[in-house]
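Novice: The structure that follows is given in the form of structure tokens.
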Amino acid sequence: MTTEESDGGTQEATPIAAQSAVPVSGHDPDFAFRWAYGNPEAPFTIMEFGDFECPYCGAAKPVLHELVNGSDGQVRLVWRHFPLFEPHPYALTAALAAEAAGHQGAFWPMAGLLFKNQAQLDDASIVRYGEQLGLDTSTLVGDPAQRFAEAVRTDYQDGIDAGVHGTPTLFINGEPYLGDVTVTDLRDTMAMSRKRARFRR
């Protein structure tokens with residue numbers, strides 16, 4: 001996990017406990033869930049506040065996708081932008097590019113390329129990734145990409161409101177997840193949640 005700069009450097013940190021419910025932004029209740037991966041009817045939703053330049057988010061990506069892909073439709077992943085501007089100078093550029101790609105139906109393919117190439121997130125590189133995906137690259141970077149800035153700001157503010165301090169920060173069905181980002185630990189947490197739900201009945 002990456003957190004804000006402290007004492008001049010980036011440090012590893014444990015996710016900070018957040019509110020029990022992640023707020024849904026704006027007037028559209030579906031906004032927060034616009035970049036979802038997996039079964040939309042899945043009983044478990046993992047919401048990730050992340051940064052495409054964050055190495056810990058890069059390491060979490062294959063874990064979370066493996067979890068969703070192996071869940072038989074029981075888990076979906078939702079991405080929210082939380083670019084850490086100071087330690088990661090290209091995080092906002094990457095977030096805008098992903099948002100722009102998403103509006104062309106290619107959020108997750110672009111996210112995959114951004115994570116795969118975290119050391120190359122400058123404008124020219126992003127245009128190249130867009131070309132690989134067959135996108136209209138004119139909207140991915142520079143001034144045209146600024147039309148997507150409000151969506152990124154809204155995600156970021158929702159993260160702040162929910163107590164997010166670093167990336168990746170995960171919520172499972174609105175509850176902050178403080179364990180290790182491994183398939184086993186995430187599955188165990190969701191299994192315990194199921195048991196608690198049955199007990200309450």
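Ligands are numbered from 1 in the order shown, residues from 1 within each chain, and chains are lettered A, B, ... in the order they appear in the structure tokens.
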Pull the alpha helix (DSSP H) assignments for chain A out of DSSP run on the backbone, and list those residues as a ChimeraX atom specification.
Specialist: /A:55-69,91-102,107-116,123-132,142-145,149-161,183-200
Novice: Please report, as JSON lines, each residue of region 75-119 of chain A lying at most 12 Å from region 148-162 of chain A, together with the nearest pair of atoms and the separation in Å rounded to one decimal; use only C-alpha atoms, and order rows by chain and ascending residue number.
Specialist:
```
{"residue": "A:Val78", "atom": "CA", "partner": "A:Asp155", "partner_atom": "CA", "distance": 11.6}
{"residue": "A:Trp79", "atom": "CA", "partner": "A:Asp155", "partner_atom": "CA", "distance": 9.3}
{"residue": "A:Arg80", "atom": "CA", "partner": "A:Asp155", "partner_atom": "CA", "distance": 5.6}
{"residue": "A:His81", "atom": "CA", "partner": "A:Asp155", "partner_atom": "CA", "distance": 5.4}
{"residue": "A:Phe82", "atom": "CA", "partner": "A:Tyr156", "partner_atom": "CA", "distance": 4.9}
{"residue": "A:Pro83", "atom": "CA", "partner": "A:Tyr156", "partner_atom": "CA", "distance": 7.4}
{"residue": "A:Leu84", "atom": "CA", "partner": "A:Tyr156", "partner_atom": "CA", "distance": 9.4}
{"residue": "A:Phe85", "atom": "CA", "partner": "A:Tyr156", "partner_atom": "CA", "distance": 11.1}
{"residue": "A:Ala91", "atom": "CA", "partner": "A:Val152", "partner_atom": "CA", "distance": 10.9}
{"residue": "A:Leu92", "atom": "CA", "partner": "A:Val152", "partner_atom": "CA", "distance": 8.2}
{"residue": "A:Thr93", "atom": "CA", "partner": "A:Ala149", "partner_atom": "CA", "distance": 9.7}
{"residue": "A:Ala94", "atom": "CA", "partner": "A:Val152", "partner_atom": "CA", "distance": 10.5}
{"residue": "A:Ala95", "atom": "CA", "partner": "A:Val152", "partner_atom": "CA", "distance": 7.0}
{"residue": "A:Leu96", "atom": "CA", "partner": "A:Phe148", "partner_atom": "CA", "distance": 6.0}
{"residue": "A:Ala97", "atom": "CA", "partner": "A:Phe148", "partner_atom": "CA", "distance": 8.6}
{"residue": "A:Ala98", "atom": "CA", "partner": "A:Phe148", "partner_atom": "CA", "distance": 9.5}
{"residue": "A:Glu99", "atom": "CA", "partner": "A:Phe148", "partner_atom": "CA", "distance": 6.4}
{"residue": "A:Ala100", "atom": "CA", "partner": "A:Phe148", "partner_atom": "CA", "distance": 6.7}
{"residue": "A:Ala101", "atom": "CA", "partner": "A:Phe148", "partner_atom": "CA", "distance": 10.3}
{"residue": "A:Gly102", "atom": "CA", "partner": "A:Phe148", "partner_atom": "CA", "distance": 10.3}
{"residue": "A:His103", "atom": "CA", "partner": "A:Phe148", "partner_atom": "CA", "distance": 9.5}
```
Novice: With N, CA, C and O atoms retained, export the selected residues as a JSON list (two decimals), in the first residue's frame.
Specialist:
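again29.json, freshly written:
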```json
[["chain", "number", "residue", "atom", "x", "y", "z"],
["A", 78, "VAL", "N", -14.92, -3.20, -7.93],
["A", 78, "VAL", "CA", -15.24, -1.84, -8.38],
["A", 78, "VAL", "C", -14.03, -0.96, -8.15],
["A", 78, "VAL", "O", -13.48, -0.93, -7.04],
["A", 79, "TRP", "N", -13.62, -0.24, -9.19],
["A", 79, "TRP", "CA", -12.46, 0.65, -9.09],
["A", 79, "TRP", "C", -12.92, 2.07, -8.85],
["A", 79, "TRP", "O", -13.85, 2.57, -9.49],
["A", 80, "ARG", "N", -12.23, 2.76, -7.91],
["A", 80, "ARG", "CA", -12.40, 4.20, -7.69],
["A", 80, "ARG", "C", -11.02, 4.84, -7.74],
["A", 80, "ARG", "O", -10.05, 4.30, -7.21],
["A", 81, "HIS", "N", -10.94, 6.00, -8.37],
["A", 81, "HIS", "CA", -9.66, 6.69, -8.51],
["A", 81, "HIS", "C", -9.25, 7.37, -7.21],
["A", 81, "HIS", "O", -10.04, 8.09, -6.60],
["A", 82, "PHE", "N", -8.01, 7.16, -6.81],
["A", 82, "PHE", "CA", -7.44, 7.86, -5.66],
["A", 82, "PHE", "C", -5.97, 8.16, -5.96],
["A", 82, "PHE", "O", -5.05, 7.61, -5.34],
["A", 83, "PRO", "N", -5.72, 9.02, -6.96],
["A", 83, "PRO", "CA", -4.33, 9.32, -7.34],
["A", 83, "PRO", "C", -3.59, 10.08, -6.25],
["A", 83, "PRO", "O", -4.07, 11.10, -5.76],
["A", 84, "LEU", "N", -2.44, 9.58, -5.87],
["A", 84, "LEU", "CA", -1.60, 10.23, -4.86],
["A", 84, "LEU", "C", -0.61, 11.14, -5.60],
["A", 84, "LEU", "O", 0.42, 10.70, -6.08],
["A", 85, "PHE", "N", -0.96, 12.40, -5.68],
["A", 85, "PHE", "CA", -0.29, 13.32, -6.58],
["A", 85, "PHE", "C", 1.18, 13.54, -6.25],
["A", 85, "PHE", "O", 2.01, 13.68, -7.15],
["A", 91, "ALA", "N", 0.14, 9.83, -11.71],
["A", 91, "ALA", "CA", -1.08, 9.14, -11.27],
["A", 91, "ALA", "C", -2.34, 9.79, -11.81],
["A", 91, "ALA", "O", -3.27, 9.10, -12.24],
["A", 92, "LEU", "N", -2.39, 11.12, -11.79],
["A", 92, "LEU", "CA", -3.58, 11.80, -12.29],
["A", 92, "LEU", "C", -3.70, 11.64, -13.80],
["A", 92, "LEU", "O", -4.79, 11.41, -14.33],
["A", 93, "THR", "N", -2.59, 11.75, -14.52],
["A", 93, "THR", "CA", -2.59, 11.55, -15.97],
["A", 93, "THR", "C", -3.16, 10.17, -16.30],
["A", 93, "THR", "O", -3.98, 10.02, -17.21],
["A", 94, "ALA", "N", -2.72, 9.16, -15.56],
["A", 94, "ALA", "CA", -3.19, 7.80, -15.79],
["A", 94, "ALA", "C", -4.66, 7.66, -15.45],
["A", 94, "ALA", "O", -5.42, 6.97, -16.17],
["A", 95, "ALA", "N", -5.10, 8.28, -14.37],
["A", 95, "ALA", "CA", -6.51, 8.21, -13.98],
["A", 95, "ALA", "C", -7.40, 8.82, -15.05],
["A", 95, "ALA", "O", -8.45, 8.26, -15.42],
["A", 96, "LEU", "N", -7.01, 9.96, -15.56],
["A", 96, "LEU", "CA", -7.78, 10.62, -16.62],
["A", 96, "LEU", "C", -7.83, 9.75, -17.87],
["A", 96, "LEU", "O", -8.88, 9.64, -18.53],
["A", 97, "ALA", "N", -6.71, 9.14, -18.21],
["A", 97, "ALA", "CA", -6.65, 8.28, -19.40],
["A", 97, "ALA", "C", -7.56, 7.07, -19.24],
["A", 97, "ALA", "O", -8.26, 6.68, -20.18],
["A", 98, "ALA", "N", -7.56, 6.47, -18.06],
["A", 98, "ALA", "CA", -8.43, 5.32, -17.82],
["A", 98, "ALA", "C", -9.89, 5.71, -17.89],
["A", 98, "ALA", "O", -10.72, 4.98, -18.45],
["A", 99, "GLU", "N", -10.20, 6.86, -17.32],
["A", 99, "GLU", "CA", -11.58, 7.36, -17.36],
["A", 99, "GLU", "C", -12.00, 7.60, -18.82],
["A", 99, "GLU", "O", -13.10, 7.21, -19.23],
["A", 100, "ALA", "N", -11.12, 8.23, -19.58],
["A", 100, "ALA", "CA", -11.42, 8.49, -21.00],
["A", 100, "ALA", "C", -11.59, 7.19, -21.76],
["A", 100, "ALA", "O", -12.50, 7.04, -22.59],
["A", 101, "ALA", "N", -10.72, 6.23, -21.50],
["A", 101, "ALA", "CA", -10.82, 4.92, -22.17],
["A", 101, "ALA", "C", -12.13, 4.23, -21.79],
["A", 101, "ALA", "O", -12.77, 3.58, -22.62],
["A", 102, "GLY", "N", -12.52, 4.39, -20.54],
["A", 102, "GLY", "CA", -13.77, 3.79, -20.09],
["A", 102, "GLY", "C", -14.97, 4.30, -20.86],
["A", 102, "GLY", "O", -15.91, 3.55, -21.14],
["A", 103, "HIS", "N", -14.92, 5.56, -21.22],
["A", 103, "HIS", "CA", -16.02, 6.13, -22.00],
["A", 103, "HIS", "C", -16.00, 5.66, -23.45],
["A", 103, "HIS", "O", -16.92, 5.96, -24.20]]
```
Novice: Pick out the residues sitting within 10 Å of Asn117 (chain A), and hand them over as a list in words; count only C-alpha atoms, and ignore anything fewer than 6 positions along from it in its own chain.
Specialist: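 Skipping anything fewer than 6 positions along the chain leaves Phe52, Glu53, Gly58, Ala111, Ser125, Ile126 and Tyr129 of chain A.
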Novice: Mind dumping the selected residues with N, CA and C atoms as an mmCIF file, in the first residue's frame?
Specialist:
```cif
data_model
loop_
_atom_site.group_PDB
_atom_site.id
_atom_site.type_symbol
_atom_site.label_atom_id
_atom_site.label_comp_id
_atom_site.auth_asym_id
_atom_site.auth_seq_id
_atom_site.Cartn_x
_atom_site.Cartn_y
_atom_site.Cartn_z
ATOM 1 N N PHE A 52 -2.944 4.198 -10.297
ATOM 2 C CA PHE A 52 -2.307 3.374 -11.326
ATOM 3 C C PHE A 52 -0.779 3.384 -11.263
ATOM 4 N N GLU A 53 -0.208 4.364 -10.580
ATOM 5 C CA GLU A 53 1.251 4.412 -10.458
ATOM 6 C C GLU A 53 1.740 3.741 -9.174
ATOM 7 N N GLY A 58 -0.486 -2.177 -8.196
ATOM 8 C CA GLY A 58 -0.064 -3.058 -9.275
ATOM 9 C C GLY A 58 0.028 -4.501 -8.818
ATOM 10 N N ALA A 111 -6.711 -0.078 -18.011
ATOM 11 C CA ALA A 111 -6.177 -0.255 -16.658
ATOM 12 C C ALA A 111 -5.095 -1.322 -16.652
ATOM 13 N N SER A 125 3.353 7.685 -23.951
ATOM 14 C CA SER A 125 3.148 6.260 -23.681
ATOM 15 C C SER A 125 1.667 5.917 -23.632
ATOM 16 N N ILE A 126 0.879 6.797 -22.999
ATOM 17 C CA ILE A 126 -0.553 6.541 -22.903
ATOM 18 C C ILE A 126 -1.204 6.552 -24.285
ATOM 19 N N TYR A 129 -0.615 3.256 -25.757
ATOM 20 C CA TYR A 129 -1.496 2.217 -25.223
ATOM 21 C C TYR A 129 -2.884 2.327 -25.855
#
```
Novice: List the spatial neighbours of Glu41 (chain A) as a count of residues only - criterion: any atom at most 9 Å away, only C-alpha atoms, same-chain residues fewer than 3 positions off excluded.
Specialist: 6
Novice: List as a CSV table (one decimal) with C-alpha atoms, in the first residue's frame the protein and nucleic acid residues near Phe115 (chain A), meaning an atom at most 10 Å away when only C-alpha atoms are counted, but skip any in the same chain fewer than 5 places from it.
Specialist:
```csv
chain,number,residue,atom,x,y,z
A,51,ASP,CA,-3.6,4.7,-8.0
A,52,PHE,CA,-2.3,3.4,-11.3
A,53,GLU,CA,1.3,4.4,-10.5
A,54,CYS,CA,1.2,2.7,-7.0
A,55,PRO,CA,3.3,-0.4,-7.0
A,57,CYS,CA,-2.0,-1.4,-6.5
A,58,GLY,CA,-0.1,-3.1,-9.3
A,59,ALA,CA,0.6,-6.1,-7.1
A,61,LYS,CA,-4.4,-6.2,-9.5
A,62,PRO,CA,-3.8,-9.9,-10.4
A,94,ALA,CA,-3.2,7.8,-15.8
A,110,MET,CA,-6.5,0.4,-20.4
A,120,GLN,CA,5.9,4.7,-18.5
A,121,LEU,CA,2.7,6.7,-17.8
```
Novice: Need to verify the contact set: Ile172 (chain A), 7 Å, only C-alpha atoms, exclusion of same-chain residues closer than 5 positions in sequence. Can you return it as a list of chain:residue names?
Specialist: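 Here the qualifying residues turn out to be A:Phe44, A:Thr45, A:Ile46, A:Met47, A:Tyr177.
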Novice: May I have the residues from that selection written out with N, CA and C atoms, as an mmCIF file, in the first residue's frame?
Specialist:
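File written: out.cif
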```
data_model
loop_
_atom_site.group_PDB
_atom_site.id
_atom_site.type_symbol
_atom_site.label_atom_id
_atom_site.label_comp_id
_atom_site.auth_asym_id
_atom_site.auth_seq_id
_atom_site.Cartn_x
_atom_site.Cartn_y
_atom_site.Cartn_z
ATOM 1 N N PHE A 44 -21.000 -10.146 -3.145
ATOM 2 C CA PHE A 44 -19.886 -9.421 -2.535
ATOM 3 C C PHE A 44 -19.305 -8.424 -3.535
ATOM 4 N N THR A 45 -19.162 -7.195 -3.095
ATOM 5 C CA THR A 45 -18.526 -6.150 -3.896
ATOM 6 C C THR A 45 -17.278 -5.677 -3.172
ATOM 7 N N ILE A 46 -16.149 -5.791 -3.846
ATOM 8 C CA ILE A 46 -14.908 -5.223 -3.331
ATOM 9 C C ILE A 46 -14.694 -3.894 -4.037
ATOM 10 N N MET A 47 -14.699 -2.819 -3.284
ATOM 11 C CA MET A 47 -14.443 -1.501 -3.843
ATOM 12 C C MET A 47 -13.010 -1.124 -3.521
ATOM 13 N N TYR A 177 -11.613 -3.211 4.671
ATOM 14 C CA TYR A 177 -10.855 -4.462 4.759
ATOM 15 C C TYR A 177 -9.430 -4.120 5.168
#
```
Novice: Determine the nearest neighbour of Thr184 (chain A) from the options A:Glu48, A:Gly105, A:Leu113, A:Val63, counting only C-alpha atoms.
Specialist: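 Of all the options, A:Val63 lies closest to Thr184 (chain A).
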Novice: Write down as a ChimeraX atom specification the residues belonging to region 2-199 of chain A that are assigned strand (DSSP E or B) by DSSP computed on the backbone.
Specialist: /A:2-3,6,9,12,36-38,44-50,75-81,166-167,169-172,175-177
Novice: For the residues in the current selection, export N, CA and C atoms as a PDB file, in the first residue's frame.
Specialist:
```
ATOM      1  N   THR A   2       0.519   2.237  -0.740  1.00  0.00           N
ATOM      2  CA  THR A   2       1.233   3.502  -0.742  1.00  0.00           C
ATOM      3  C   THR A   2       0.393   4.537  -0.032  1.00  0.00           C
ATOM      4  N   THR A   3       1.024   5.358   0.759  1.00  0.00           N
ATOM      5  CA  THR A   3       0.309   6.423   1.428  1.00  0.00           C
ATOM      6  C   THR A   3       0.934   7.750   1.027  1.00  0.00           C
ATOM      7  N   SER A   6       5.663  11.091   3.473  1.00  0.00           N
ATOM      8  CA  SER A   6       5.945  11.386   4.873  1.00  0.00           C
ATOM      9  C   SER A   6       7.445  11.449   5.049  1.00  0.00           C
ATOM     10  N   GLY A   9       9.511  10.824   1.824  1.00  0.00           N
ATOM     11  CA  GLY A   9       9.510   9.591   1.041  1.00  0.00           C
ATOM     12  C   GLY A   9       8.188   8.879   1.129  1.00  0.00           C
ATOM     13  N   GLU A  12       5.321   2.334   3.219  1.00  0.00           N
ATOM     14  CA  GLU A  12       4.287   1.314   3.262  1.00  0.00           C
ATOM     15  C   GLU A  12       3.462   1.536   4.517  1.00  0.00           C
ATOM     16  N   ALA A  36     -16.983  -1.523 -12.895  1.00  0.00           N
ATOM     17  CA  ALA A  36     -17.114  -2.785 -12.172  1.00  0.00           C
ATOM     18  C   ALA A  36     -16.634  -3.935 -13.042  1.00  0.00           C
ATOM     19  N   TYR A  37     -16.001  -4.903 -12.394  1.00  0.00           N
ATOM     20  CA  TYR A  37     -15.482  -6.098 -13.057  1.00  0.00           C
ATOM     21  C   TYR A  37     -16.085  -7.308 -12.380  1.00  0.00           C
ATOM     22  N   GLY A  38     -16.803  -8.112 -13.138  1.00  0.00           N
ATOM     23  CA  GLY A  38     -17.439  -9.284 -12.556  1.00  0.00           C
ATOM     24  C   GLY A  38     -18.951  -9.199 -12.629  1.00  0.00           C
ATOM     25  N   PHE A  44     -21.000 -10.146  -3.145  1.00  0.00           N
ATOM     26  CA  PHE A  44     -19.886  -9.421  -2.535  1.00  0.00           C
ATOM     27  C   PHE A  44     -19.305  -8.424  -3.535  1.00  0.00           C
ATOM     28  N   THR A  45     -19.162  -7.195  -3.095  1.00  0.00           N
ATOM     29  CA  THR A  45     -18.526  -6.150  -3.896  1.00  0.00           C
ATOM     30  C   THR A  45     -17.278  -5.677  -3.172  1.00  0.00           C
ATOM     31  N   ILE A  46     -16.149  -5.791  -3.846  1.00  0.00           N
ATOM     32  CA  ILE A  46     -14.908  -5.223  -3.331  1.00  0.00           C
ATOM     33  C   ILE A  46     -14.694  -3.894  -4.037  1.00  0.00           C
ATOM     34  N   MET A  47     -14.699  -2.819  -3.284  1.00  0.00           N
ATOM     35  CA  MET A  47     -14.443  -1.501  -3.843  1.00  0.00           C
ATOM     36  C   MET A  47     -13.010  -1.124  -3.521  1.00  0.00           C
ATOM     37  N   GLU A  48     -12.244  -0.843  -4.572  1.00  0.00           N
ATOM     38  CA  GLU A  48     -10.843  -0.486  -4.408  1.00  0.00           C
ATOM     39  C   GLU A  48     -10.637   0.979  -4.735  1.00  0.00           C
ATOM     40  N   PHE A  49     -10.070   1.729  -3.797  1.00  0.00           N
ATOM     41  CA  PHE A  49      -9.581   3.070  -4.071  1.00  0.00           C
ATOM     42  C   PHE A  49      -8.108   2.917  -4.417  1.00  0.00           C
ATOM     43  N   GLY A  50      -7.755   3.232  -5.673  1.00  0.00           N
ATOM     44  CA  GLY A  50      -6.410   2.925  -6.128  1.00  0.00           C
ATOM     45  C   GLY A  50      -5.782   4.001  -6.996  1.00  0.00           C
ATOM     46  N   VAL A  75     -18.309 -12.574  -6.541  1.00  0.00           N
ATOM     47  CA  VAL A  75     -17.544 -11.367  -6.192  1.00  0.00           C
ATOM     48  C   VAL A  75     -17.410 -10.474  -7.425  1.00  0.00           C
ATOM     49  N   ARG A  76     -17.571  -9.192  -7.213  1.00  0.00           N
ATOM     50  CA  ARG A  76     -17.237  -8.217  -8.259  1.00  0.00           C
ATOM     51  C   ARG A  76     -16.267  -7.193  -7.676  1.00  0.00           C
ATOM     52  N   LEU A  77     -15.500  -6.593  -8.548  1.00  0.00           N
ATOM     53  CA  LEU A  77     -14.526  -5.573  -8.164  1.00  0.00           C
ATOM     54  C   LEU A  77     -14.959  -4.237  -8.745  1.00  0.00           C
ATOM     55  N   VAL A  78     -14.920  -3.198  -7.934  1.00  0.00           N
ATOM     56  CA  VAL A  78     -15.242  -1.844  -8.378  1.00  0.00           C
ATOM     57  C   VAL A  78     -14.031  -0.959  -8.145  1.00  0.00           C
ATOM     58  N   TRP A  79     -13.618  -0.243  -9.186  1.00  0.00           N
ATOM     59  CA  TRP A  79     -12.458   0.654  -9.090  1.00  0.00           C
ATOM     60  C   TRP A  79     -12.918   2.075  -8.849  1.00  0.00           C
ATOM     61  N   ARG A  80     -12.233   2.763  -7.913  1.00  0.00           N
ATOM     62  CA  ARG A  80     -12.402   4.205  -7.691  1.00  0.00           C
ATOM     63  C   ARG A  80     -11.023   4.837  -7.745  1.00  0.00           C
ATOM     64  N   HIS A  81     -10.941   6.001  -8.375  1.00  0.00           N
ATOM     65  CA  HIS A  81      -9.662   6.695  -8.512  1.00  0.00           C
ATOM     66  C   HIS A  81      -9.249   7.369  -7.208  1.00  0.00           C
ATOM     67  N   GLY A 166      -4.448   6.043   1.764  1.00  0.00           N
ATOM     68  CA  GLY A 166      -3.410   5.509   0.892  1.00  0.00           C
ATOM     69  C   GLY A 166      -3.990   4.464  -0.035  1.00  0.00           C
ATOM     70  N   THR A 167      -3.132   3.894  -0.842  1.00  0.00           N
ATOM     71  CA  THR A 167      -3.607   2.930  -1.845  1.00  0.00           C
ATOM     72  C   THR A 167      -2.786   1.653  -1.803  1.00  0.00           C
ATOM     73  N   THR A 169      -6.771   0.892  -0.897  1.00  0.00           N
ATOM     74  CA  THR A 169      -7.677   0.718   0.234  1.00  0.00           C
ATOM     75  C   THR A 169      -8.906  -0.005  -0.286  1.00  0.00           C
ATOM     76  N   LEU A 170      -9.279  -1.079   0.394  1.00  0.00           N
ATOM     77  CA  LEU A 170     -10.383  -1.927  -0.050  1.00  0.00           C
ATOM     78  C   LEU A 170     -11.537  -1.880   0.947  1.00  0.00           C
ATOM     79  N   PHE A 171     -12.742  -1.951   0.401  1.00  0.00           N
ATOM     80  CA  PHE A 171     -13.951  -2.107   1.195  1.00  0.00           C
ATOM     81  C   PHE A 171     -14.684  -3.332   0.661  1.00  0.00           C
ATOM     82  N   ILE A 172     -15.172  -4.182   1.536  1.00  0.00           N
ATOM     83  CA  ILE A 172     -15.975  -5.336   1.142  1.00  0.00           C
ATOM     84  C   ILE A 172     -17.395  -5.081   1.603  1.00  0.00           C
ATOM     85  N   GLU A 175     -17.645  -2.328   4.089  1.00  0.00           N
ATOM     86  CA  GLU A 175     -16.848  -2.416   5.321  1.00  0.00           C
ATOM     87  C   GLU A 175     -15.362  -2.358   4.972  1.00  0.00           C
ATOM     88  N   PRO A 176     -14.567  -1.582   5.710  1.00  0.00           N
ATOM     89  CA  PRO A 176     -13.133  -1.513   5.411  1.00  0.00           C
ATOM     90  C   PRO A 176     -12.453  -2.855   5.611  1.00  0.00           C
ATOM     91  N   TYR A 177     -11.613  -3.211   4.671  1.00  0.00           N
ATOM     92  CA  TYR A 177     -10.855  -4.462   4.759  1.00  0.00           C
ATOM     93  C   TYR A 177      -9.430  -4.120   5.168  1.00  0.00           C
TER      94      TYR A 177
END
```
Novice: Under the rule that only C-alpha atoms are counted, which of A:Glu86, A:Gln118, A:Arg128, A:Thr137 is the nearest residue to Gln104 (chain A)?
Specialist: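 Smallest distance to Gln104 (chain A) is found for A:Thr137.
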